[in-house]
>>> print(open('protein_3.tsv').read())   # TSV, C-alpha atoms
chain	number	residue	atom	x	y	z
Y	12	LYS	CA	36.50	152.44	115.68
Y	13	GLN	CA	34.51	150.76	112.93
Y	14	GLU	CA	30.78	150.37	113.56
Y	15	VAL	CA	28.38	148.49	111.31
Y	16	THR	CA	24.64	149.16	111.29
Y	17	GLN	CA	21.97	147.20	109.48
Y	18	ILE	CA	18.51	148.47	108.63
Y	19	PRO	CA	15.84	147.25	108.97
Y	20	ALA	CA	16.26	144.93	111.94
Y	21	ALA	CA	13.39	142.79	110.71
Y	22	LEU	CA	11.45	142.50	107.50
Y	23	SER	CA	8.43	140.46	106.47
Y	24	VAL	CA	7.40	140.29	102.82
Y	25	PRO	CA	5.13	138.19	100.63
Y	26	GLU	CA	6.74	135.70	98.29
Y	27	GLY	CA	7.85	137.15	94.97
Y	28	GLU	CA	8.73	140.62	96.18
Y	29	ASN	CA	12.05	142.26	95.42
Y	30	LEU	CA	13.70	143.63	98.54
Y	31	VAL	CA	16.69	145.63	99.71
Y	32	LEU	CA	18.68	145.19	102.89
Y	33	ASN	CA	20.91	148.03	104.03
Y	34	CYS	CA	24.28	148.09	105.72
Y	35	SER	CA	26.23	151.17	106.75
Y	36	PHE	CA	29.71	151.50	108.22
Y	37	THR	CA	31.49	154.42	109.84
Y	38	ASP	CA	35.07	154.00	108.59
Y	39	SER	CA	35.45	153.94	104.81
Y	40	ALA	CA	38.98	152.47	104.99
Y	41	ILE	CA	37.84	148.91	104.47
Y	42	TYR	CA	39.49	145.90	102.87
Y	43	ASN	CA	36.27	144.17	101.87
Y	44	LEU	CA	32.63	143.82	102.80
Y	45	GLN	CA	30.81	140.54	103.06
Y	46	TRP	CA	27.19	139.47	103.29
Y	47	PHE	CA	26.34	136.30	105.17
Y	48	ARG	CA	23.19	134.34	105.79
Y	49	GLN	CA	22.53	132.79	109.20
Y	50	ASP	CA	20.12	129.89	109.59
Y	51	PRO	CA	19.35	128.50	113.06
Y	52	GLY	CA	21.52	125.48	113.84
Y	53	LYS	CA	23.40	125.74	110.55
Y	54	GLY	CA	25.92	128.47	111.19
Y	55	LEU	CA	26.70	131.21	108.72
Y	56	THR	CA	26.96	130.95	104.95
Y	57	SER	CA	28.93	133.44	102.88
Y	58	LEU	CA	26.76	134.98	100.16
Y	59	LEU	CA	28.80	137.70	98.53
Y	60	LEU	CA	32.16	139.35	99.08
Y	61	ILE	CA	32.94	142.78	97.62
Y	62	GLN	CA	36.54	143.95	97.57
Y	63	SER	CA	37.10	147.61	98.42
Y	64	SER	CA	37.92	148.36	94.78
Y	65	GLN	CA	34.65	146.84	93.51
Y	66	ARG	CA	31.20	148.41	93.29
Y	67	GLU	CA	29.02	145.33	93.17
Y	68	GLN	CA	28.86	141.54	93.08
Y	69	THR	CA	26.10	139.27	91.84
Y	70	SER	CA	25.18	135.68	92.58
Y	71	GLY	CA	21.93	134.35	91.20
Y	72	ARG	CA	19.06	136.42	92.59
Y	73	LEU	CA	21.40	138.31	94.91
Y	74	ASN	CA	23.18	141.55	94.12
Y	75	ALA	CA	25.32	143.45	96.57
Y	76	SER	CA	26.57	146.97	95.99
Y	77	LEU	CA	29.24	148.96	97.75
Y	78	ASP	CA	29.64	152.71	98.01
Y	79	LYS	CA	32.76	153.08	100.09
Y	80	SER	CA	32.78	156.88	100.13
Y	81	SER	CA	29.34	157.03	101.72
Y	82	GLY	CA	29.89	153.97	103.90
Y	83	ARG	CA	26.98	152.00	102.50
Y	84	SER	CA	26.19	148.61	101.05
Y	85	THR	CA	22.92	147.15	99.92
Y	86	LEU	CA	21.89	143.56	99.37
Y	87	TYR	CA	19.20	143.21	96.74
Y	88	ILE	CA	17.17	140.01	96.66
Y	89	ALA	CA	15.05	139.51	93.56
Y	90	ALA	CA	11.85	137.48	93.46
Y	91	SER	CA	12.06	136.44	97.09
Y	92	GLN	CA	11.16	132.87	98.11
Y	93	PRO	CA	10.21	131.33	101.46
Y	94	GLY	CA	13.60	129.61	101.45
Y	95	ASP	CA	15.22	133.04	101.65
Y	96	SER	CA	13.90	133.40	105.19
Y	97	ALA	CA	16.94	133.81	107.45
Y	98	THR	CA	19.01	136.46	109.18
Y	99	TYR	CA	21.30	138.39	106.84
Y	100	LEU	CA	24.52	139.72	108.31
Y	101	CYS	CA	26.85	142.34	106.93
Y	102	ALA	CA	30.51	142.26	107.96
Y	103	VAL	CA	33.28	144.71	107.14
Y	104	ALA	CA	36.96	143.76	107.09
Y	105	GLY	CA	39.61	146.35	107.77
Y	106	ASN	CA	43.18	146.14	106.53
Y	107	ASN	CA	43.90	143.73	109.37
Y	108	ARG	CA	41.29	141.40	107.77
Y	109	LYS	CA	39.30	141.18	111.00
Y	110	LEU	CA	35.54	141.25	110.51
Y	111	ILE	CA	33.30	143.77	112.25
Y	112	TRP	CA	29.69	142.65	112.18
Y	113	GLY	CA	26.29	144.25	112.07
Y	114	LEU	CA	23.38	142.95	114.12
Y	115	GLY	CA	21.65	141.57	111.06
Y	116	THR	CA	18.29	141.81	109.35
Y	117	SER	CA	15.81	139.05	110.13
Y	118	LEU	CA	13.90	138.29	106.93
Y	119	ALA	CA	10.64	136.36	106.70
Y	120	VAL	CA	9.26	135.57	103.25
Y	121	ASN	CA	5.67	134.45	103.50
Y	122	PRO	CA	4.14	131.99	101.00
A	10	SER	CA	34.54	125.20	100.40
A	11	ALA	CA	35.33	123.76	103.83
A	12	VAL	CA	33.01	121.57	105.90
A	13	ILE	CA	33.17	122.39	109.59
A	14	SER	CA	31.63	120.48	112.47
A	15	GLN	CA	31.30	121.54	116.09
A	16	LYS	CA	30.66	119.54	119.23
A	17	PRO	CA	28.54	119.84	121.23
A	18	SER	CA	25.78	121.53	119.24
A	19	ARG	CA	24.22	122.77	122.47
A	20	ASP	CA	24.62	122.38	126.21
A	21	ILE	CA	23.18	123.55	129.47
A	22	CYS	CA	25.77	124.05	132.20
A	23	GLN	CA	25.93	125.09	135.82
A	24	ARG	CA	27.76	128.22	136.82
A	25	GLY	CA	31.33	127.68	137.92
A	26	THR	CA	31.89	124.73	135.59
A	27	SER	CA	33.83	124.64	132.31
A	28	LEU	CA	32.88	123.47	128.83
A	29	THR	CA	35.19	122.55	125.96
A	30	ILE	CA	33.91	123.05	122.43
A	31	GLN	CA	35.51	121.17	119.55
A	32	CYS	CA	35.86	122.35	115.97
A	33	GLN	CA	36.82	119.92	113.20
A	34	VAL	CA	37.50	120.90	109.57
A	35	ASP	CA	37.54	118.49	106.65
A	36	SER	CA	40.68	120.02	105.15
A	37	GLN	CA	43.82	121.73	106.32
A	38	VAL	CA	43.34	125.46	106.78
A	39	THR	CA	45.73	128.18	107.74
A	40	MET	CA	43.46	130.28	109.91
A	41	MET	CA	40.88	129.30	112.51
A	42	PHE	CA	38.82	131.71	114.55
A	43	TRP	CA	36.47	131.58	117.50
A	44	TYR	CA	33.51	133.95	117.74
A	45	ARG	CA	30.85	134.63	120.31
A	46	GLN	CA	27.31	135.75	119.51
A	47	GLN	CA	25.49	136.84	122.63
A	48	PRO	CA	21.71	137.27	122.56
A	49	GLY	CA	20.83	140.47	120.72
A	50	GLN	CA	24.49	141.24	120.00
A	51	SER	CA	26.61	141.09	116.89
A	52	LEU	CA	29.28	138.46	116.40
A	53	THR	CA	32.45	139.23	118.30
A	54	LEU	CA	35.83	137.71	117.59
A	55	ILE	CA	37.28	136.02	120.67
A	56	ALA	CA	40.62	134.90	119.28
A	57	THR	CA	42.58	133.51	116.39
A	58	ALA	CA	43.70	129.93	117.00
A	59	ASN	CA	47.30	129.49	115.92
A	60	GLN	CA	48.64	126.05	115.10
A	61	GLY	CA	51.45	125.07	117.44
A	62	SER	CA	51.46	128.31	119.42
A	63	GLU	CA	49.34	130.36	121.77
A	64	ALA	CA	46.13	131.86	120.44
A	65	THR	CA	45.90	135.58	119.70
A	66	TYR	CA	43.14	137.11	121.83
A	67	GLU	CA	41.07	140.18	121.06
A	68	SER	CA	40.63	143.02	123.50
A	69	GLY	CA	38.39	141.96	126.36
A	70	PHE	CA	39.16	138.24	126.10
A	71	VAL	CA	41.84	136.44	128.11
A	72	ILE	CA	43.44	133.03	127.97
A	73	ASP	CA	42.47	132.11	131.53
A	74	LYS	CA	38.79	132.48	130.67
A	75	PHE	CA	38.90	131.13	127.12
A	76	PRO	CA	41.84	128.74	126.70
A	77	ILE	CA	42.23	127.60	123.11
A	78	SER	CA	44.15	124.71	121.63
A	79	ARG	CA	45.06	124.02	118.03
A	80	PRO	CA	47.20	120.91	117.78
A	81	ASN	CA	47.02	120.64	113.99
A	82	LEU	CA	45.64	122.33	110.87
A	83	THR	CA	42.20	120.69	111.05
A	84	PHE	CA	41.21	120.83	114.73
A	85	SER	CA	40.78	123.35	117.53
A	86	THR	CA	39.10	123.55	120.91
A	87	LEU	CA	37.73	126.48	122.89
A	88	THR	CA	37.12	126.11	126.61
A	89	VAL	CA	34.76	128.43	128.43
A	90	SER	CA	36.05	128.38	132.01
A	91	ASN	CA	34.36	129.11	135.31
A	92	MET	CA	31.13	129.89	133.53
A	93	SER	CA	28.56	132.47	134.58
A	94	PRO	CA	25.13	133.21	133.07
A	95	GLU	CA	26.77	136.03	131.08
A	96	ASP	CA	28.61	133.36	129.09
A	97	SER	CA	25.31	132.11	127.65
A	98	SER	CA	25.85	132.56	123.96
A	99	ILE	CA	26.38	130.89	120.61
A	100	TYR	CA	30.03	130.05	120.05
A	101	LEU	CA	31.12	129.75	116.43
A	102	CYS	CA	34.26	128.39	114.85
A	103	SER	CA	35.32	129.69	111.47
A	104	VAL	CA	38.17	129.04	109.07
A	105	ALA	CA	39.88	130.86	106.25
A	106	HIS	CA	42.43	129.73	103.73
A	107	PRO	CA	43.74	131.55	100.68
A	108	LEU	CA	43.09	128.52	98.49
A	109	LEU	CA	39.44	128.39	99.56
A	110	ALA	CA	38.87	131.46	97.45
A	111	ARG	CA	38.30	135.14	97.98
A	112	GLU	CA	39.39	135.36	101.62
A	113	THR	CA	35.92	134.59	102.82
A	114	GLN	CA	35.37	132.75	106.06
A	115	TYR	CA	33.53	129.47	106.48
A	116	PHE	CA	31.59	128.88	109.65
A	117	GLY	CA	30.65	125.88	111.71
A	118	PRO	CA	27.05	125.36	112.85
A	119	GLY	CA	27.75	126.84	116.25
A	120	THR	CA	27.45	125.68	119.84
A	121	ARG	CA	24.52	127.08	121.78
A	122	LEU	CA	25.45	127.40	125.46
A	123	LEU	CA	23.10	128.17	128.31
A	124	VAL	CA	24.59	128.74	131.76
A	125	LEU	CA	22.24	128.50	134.74
>>> encode(input="protein_3.tsv", output="structure tokens")
Amino acid sequence: KQEVTQIPAALSVPEGENLVLNCSFTDSAIYNLQWFRQDPGKGLTSLLLIQSSQREQTSGRLNASLDKSSGRSTLYIAASQPGDSATYLCAVAGNNRKLIWGLGTSLAVNP
Amino acid sequence: SAVISQKPSRDICQRGTSLTIQCQVDSQVTMMFWYRQQPGQSLTLIATANQGSEATYESGFVIDKFPISRPNLTFSTLTVSNMSPEDSSIYLCSVAHPLLARETQYFGPGTRLLVL
């Protein structure tokens, strides 16, 4: 049974710092891995999707990597801004395309 | 991308009552899903809403407790029946469609439910 763990559970950084969020999963037979952002009252927003055959994806200041063999993904946020404050969720899709979710990392970027 | 709205955005209900949550999408989509996010828990898939047929429920969820309708490709409802405090949660609708790119899912803003 796939399990997804995210570390740390919470993170508080000053504006401008580069930071790394971690996601690990127990079953390496995945279809893809996705990173989402959750803002209160606004639902979830897809940030990056990495197919199982890919090693990383980039979008603006965000870079996500995938090491399937070790069951790990990282989300790198460069030059963090207060607007980046949110909960970041990692979700893994198996071959049935169903998403298994981590508990998330709550990020606060302080001005 | 798809724009998804949910009604109500939040509600406070008495135990034993039922609440129907609506999900409306601005375009036709092939797949619609309902999730639950209980306090301190990860998102859990309740069911896949199938257009014109019965929903497909995940292990631990049953139609009598969570009846789902999907009359067309842009609309679905989830009913939380005979509610108890354990049903207090955020309920999220999501959609996926191959033409919306990369098999990602798009989420509605959620319905925050508190059962007293």
>>> interface_residues(input="protein_3.tsv", of="chain A", to="chain Y", cutoff="9 Å", atoms="all atoms listed in the file", output="list in words")
Ser18, Gly49, Gln50, Ser51, Leu52, Thr53, Leu54, Leu101, Arg111, Glu112, Thr113, Gln114, Tyr115, Phe116, Gly117, Pro118, Gly119, Thr120 and Arg121 of chain A
>>> atom_distance(input="protein_3.tsv", atom1="CA of Tyr100 (chain A)", atom2="CA of Asp35 (chain A)")
19.2 Å
>>> closest_residue(input="protein_3.tsv", among="A:Leu28, A:Leu125, A:Met41, A:Val12", to="Leu82 (chain A)", atoms="all atoms listed in the file")
A:Met41
>>> atom_distance(input="protein_3.tsv", atom1="CA of Gln46 (chain A)", atom2="CA of Ser103 (chain A)")
12.9 Å
>>> atom_distance(input="protein_3.tsv", atom1="CA of Asp38 (chain Y)", atom2="CA of Val103 (chain Y)")
9.6 Å
>>> axis_aligned_box(input="protein_3.tsv", around="region 113-121 of chain A", padding_each_side="3 Å", output="JSON")
{"center_x": 30.2, "center_y": 130.0, "center_z": 112.3, "size_x": 17.4, "size_y": 15.2, "size_z": 25.0}
>>> residues_around(input="protein_3.tsv", residues="Glu67 (chain Y)", least_positions_apart="3", cutoff="6 Å", atoms="only C-alpha atoms", output="short mmCIF file (atom, residue, chain, number, x, y, z; two decimals) with C-alpha atoms, in the frame of the given file")
data_model
loop_
_atom_site.label_atom_id
_atom_site.label_comp_id
_atom_site.auth_asym_id
_atom_site.auth_seq_id
_atom_site.Cartn_x
_atom_site.Cartn_y
_atom_site.Cartn_z
CA ALA Y 75 25.32 143.45 96.57
CA SER Y 76 26.57 146.97 95.99
CA LEU Y 77 29.24 148.96 97.75
#
>>> residues_near_point(input="protein_3.tsv", point="(26.5, 130.3, 133.3)", cutoff="8 Å", atoms="all atoms listed in the file", output="ChimeraX atom specification")
/A:22-25,92-97,123-125
>>> closest_residue(input="protein_3.tsv", among="A:Val104, A:Leu122, A:Phe42, A:Asn81", to="Tyr66 (chain A)", atoms="only C-alpha atoms")
A:Phe42
>>> residues_around(input="protein_3.tsv", residues="Ala90 (chain Y)", least_positions_apart="4", cutoff="7 Å", atoms="only C-alpha atoms", output="list in words")
Gly27, Glu28 and Asn29 of chain Y
>>> closest_residue(input="protein_3.tsv", among="A:Gln47, A:Gln15, A:Ser36, A:Ser27", to="Ile99 (chain A)", atoms="all atoms listed in the file")
A:Gln47
